[in-house]
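Just below is one structure, and these are the notes that go with it.
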Amino acid sequence: MTPRKNWLPHPILTPILTAIWLLLNNSIAPGQILLGLLLGWAIPRFTLAFWPERVRIHAPGRLLHFAGVFLYDVLVANLAVARLILAGPRALRPAFVVVPLDLTNDLAISLLANTICLTPGTVSARLSVDRRHLLVHGLDVESPEELVATIKTRFEAPLKAIFEGSIKC
Amino acid sequence: MLSFALTIAFALVGAAFALSFLRLLKGPDATDRILALDTLSINAIALLVLLGIHLASPLYFEVALLIALMGFVGTVALAKFLLRGDIIE
Amino acid sequence: MNIFVEILLSFLVIAGAAFAFIGSLGLYRLRDFYTRLHGPTKATTLGVGCLLVASSIFFSVTGEALSLHEILVSLFLFITAPVSAHLLAKAALHRQLPSLAVMQNNDRETKPEHSA
């Protein structure tokens, strides 16, 4: 490990921790910013053993775009689920669907599972042992193939571009 | 007008509490009860935020944050127990 | 307080509480565990999210400074709600709870034991 890596092991985590500290205190006084930066530097430095891998973001622009798509989908999915619940249990067509995964990065897989849980009427239920398939439960599924295709193009493709780059490594 | 809206909101969240509590009593499985407890903790957060607006006091925010933390840890611990507890029979 | 702000706040408060109510209604009303799981994880996160946005606006307007720490609670809920839903679904599959769902018959490994 190079000295620079040792000194600042997670360059992305530091600003996030600082922002959380400032939000927690609800102030942007200079002293709080300083303390936040200190904590943001010290916490990743001393918990290095828990985070062996470095997070790399290959496409920051796409990350923002993905966040926008995600928030929009959360809103739409919530309205859809609310309507389904009000319509009553008889109208539902629940189904289990297996989604084959192209992702290999652990963080990307967990983000995908979380995104699936929060968006279109689906909950991710189980990841297969070899991390190649994700079992998804859908609340109202019209056609399983279409659901798998939507998940793959809408969520998995951008996550793959963001965390693994375009070239498979 | 805001106080009127708050009254309706309190009633709705109270009804949500009642429904989750009924599910907690009914079961039928332990996972249903854990889910009901998780929902109750989220409803408690909603109630605390409403109370904070109603009393115009920012103090309740910390309580809501703590309940969010504790509810999550509790749910994960119980779910883990179900996953592990059945393996060792 | 400005009348428009008040209308916005009232709307957000009622929408948030309504979503929380619908989430619990789903929990009570639906028939098998896997469908019940959907209500609380979705409707409730958006419901609490709406209430927190309302709280943030309220304290920014009435207080002396911008109040943003409500974002932390919603951020935390957005991260944790799917995790607990996933774990509960996993526990339910492990306990082989009956499901109303139609099984897609491929891939034996990830398929849960179906007992309808």
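Every chain in the structure tokens has a letter given in the order shown (A, B, ...), and although residue numbers restart at 1 in each chain, ligands are simply numbered from 1 in the order shown.
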Open item on the list: Among stretch 12-166 of chain A, which residues does DSSP mark as strand (DSSP E) when it is run on the backbone? Keep the chain and numbering as in the structure and answer as an MDAnalysis selection string.
Closed with: chainID A and resid 95:100 122:127 133:138
Give me a file of those residues, with N, CA, C and O atoms, as a JSON list (two decimals), in the first residue's frame.
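Writing done, so here's again26.json:
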[["chain", "number", "residue", "atom", "x", "y", "z"],
["A", 95, "ALA", "N", -45.74, -12.53, -7.83],
["A", 95, "ALA", "CA", -44.92, -13.53, -8.50],
["A", 95, "ALA", "C", -43.49, -13.45, -8.01],
["A", 95, "ALA", "O", -43.01, -12.37, -7.62],
["A", 96, "PHE", "N", -42.82, -14.60, -8.01],
["A", 96, "PHE", "CA", -41.37, -14.62, -7.79],
["A", 96, "PHE", "C", -40.68, -14.62, -9.14],
["A", 96, "PHE", "O", -41.08, -15.36, -10.05],
["A", 97, "VAL", "N", -39.64, -13.81, -9.26],
["A", 97, "VAL", "CA", -38.93, -13.71, -10.52],
["A", 97, "VAL", "C", -37.43, -13.83, -10.23],
["A", 97, "VAL", "O", -36.95, -13.31, -9.23],
["A", 98, "VAL", "N", -36.72, -14.56, -11.07],
["A", 98, "VAL", "CA", -35.27, -14.66, -10.89],
["A", 98, "VAL", "C", -34.58, -13.72, -11.86],
["A", 98, "VAL", "O", -34.81, -13.79, -13.07],
["A", 99, "VAL", "N", -33.77, -12.83, -11.32],
["A", 99, "VAL", "CA", -33.04, -11.89, -12.17],
["A", 99, "VAL", "C", -31.59, -12.34, -12.25],
["A", 99, "VAL", "O", -30.91, -12.39, -11.23],
["A", 100, "PRO", "N", -31.09, -12.70, -13.45],
["A", 100, "PRO", "CA", -29.67, -13.03, -13.57],
["A", 100, "PRO", "C", -28.82, -11.76, -13.49],
["A", 100, "PRO", "O", -29.18, -10.74, -14.07],
["A", 122, "THR", "N", -41.51, -4.16, -5.98],
["A", 122, "THR", "CA", -40.73, -5.40, -5.89],
["A", 122, "THR", "C", -39.89, -5.39, -4.62],
["A", 122, "THR", "O", -39.50, -4.34, -4.13],
["A", 123, "VAL", "N", -39.60, -6.57, -4.09],
["A", 123, "VAL", "CA", -38.69, -6.71, -2.96],
["A", 123, "VAL", "C", -37.69, -7.79, -3.33],
["A", 123, "VAL", "O", -38.07, -8.85, -3.80],
["A", 124, "SER", "N", -36.41, -7.49, -3.16],
["A", 124, "SER", "CA", -35.41, -8.52, -3.44],
["A", 124, "SER", "C", -35.37, -9.47, -2.26],
["A", 124, "SER", "O", -35.31, -9.05, -1.11],
["A", 125, "ALA", "N", -35.43, -10.77, -2.54],
["A", 125, "ALA", "CA", -35.61, -11.72, -1.45],
["A", 125, "ALA", "C", -34.37, -12.54, -1.15],
["A", 125, "ALA", "O", -34.08, -12.83, -0.01],
["A", 126, "ARG", "N", -33.64, -12.94, -2.15],
["A", 126, "ARG", "CA", -32.49, -13.78, -1.86],
["A", 126, "ARG", "C", -31.46, -13.70, -2.98],
["A", 126, "ARG", "O", -31.82, -13.73, -4.15],
["A", 127, "LEU", "N", -30.21, -13.65, -2.56],
["A", 127, "LEU", "CA", -29.11, -13.67, -3.51],
["A", 127, "LEU", "C", -28.55, -15.09, -3.51],
["A", 127, "LEU", "O", -28.33, -15.66, -2.45],
["A", 133, "HIS", "N", -27.51, -14.74, -9.30],
["A", 133, "HIS", "CA", -28.96, -14.60, -9.47],
["A", 133, "HIS", "C", -29.58, -13.94, -8.25],
["A", 133, "HIS", "O", -29.18, -14.23, -7.13],
["A", 134, "LEU", "N", -30.55, -13.10, -8.50],
["A", 134, "LEU", "CA", -31.26, -12.44, -7.42],
["A", 134, "LEU", "C", -32.73, -12.82, -7.53],
["A", 134, "LEU", "O", -33.33, -12.70, -8.59],
["A", 135, "LEU", "N", -33.27, -13.31, -6.41],
["A", 135, "LEU", "CA", -34.69, -13.68, -6.40],
["A", 135, "LEU", "C", -35.50, -12.44, -5.99],
["A", 135, "LEU", "O", -35.23, -11.84, -4.97],
["A", 136, "VAL", "N", -36.47, -12.08, -6.82],
["A", 136, "VAL", "CA", -37.24, -10.86, -6.58],
["A", 136, "VAL", "C", -38.71, -11.21, -6.46],
["A", 136, "VAL", "O", -39.22, -12.02, -7.24],
["A", 137, "HIS", "N", -39.37, -10.63, -5.47],
["A", 137, "HIS", "CA", -40.81, -10.83, -5.35],
["A", 137, "HIS", "C", -41.53, -9.58, -5.82],
["A", 137, "HIS", "O", -41.25, -8.49, -5.35],
["A", 138, "GLY", "N", -42.45, -9.76, -6.76],
["A", 138, "GLY", "CA", -43.19, -8.62, -7.28],
["A", 138, "GLY", "C", -44.62, -8.63, -6.76],
["A", 138, "GLY", "O", -45.22, -9.69, -6.60]]
Open item on the list: Using only C-alpha atoms and a distance of at most 7 Å, pull out the residues of chain C that contact chain B, as a PyMOL selection string.
Closed with: chain C and resi 6+10+13-14+17-18+20-21+24-25+27-28+33+40+48+51-52+55+73+80+84+87-88+91-92+94
Task: 9 Å contacts from chain A to chain C using only C-alpha atoms, as JSON, numbers by chain - done: {"A": [20, 22, 23, 24, 25, 26, 27, 74, 75, 77, 78, 79, 81, 82, 84, 85, 86, 88, 89, 90, 92, 93, 94, 95, 96, 97, 98, 113, 114, 115, 116, 117, 118, 119, 121, 122, 123, 124, 125, 126, 127, 128, 129, 133, 134, 135, 137, 138, 139, 144]}
Open item on the list: Just to confirm, what's the straight-line distance from atom CA of A:Glu146 to atom CA of A:Val69 in Å (one decimal)?
Closed with: 18.5 Å
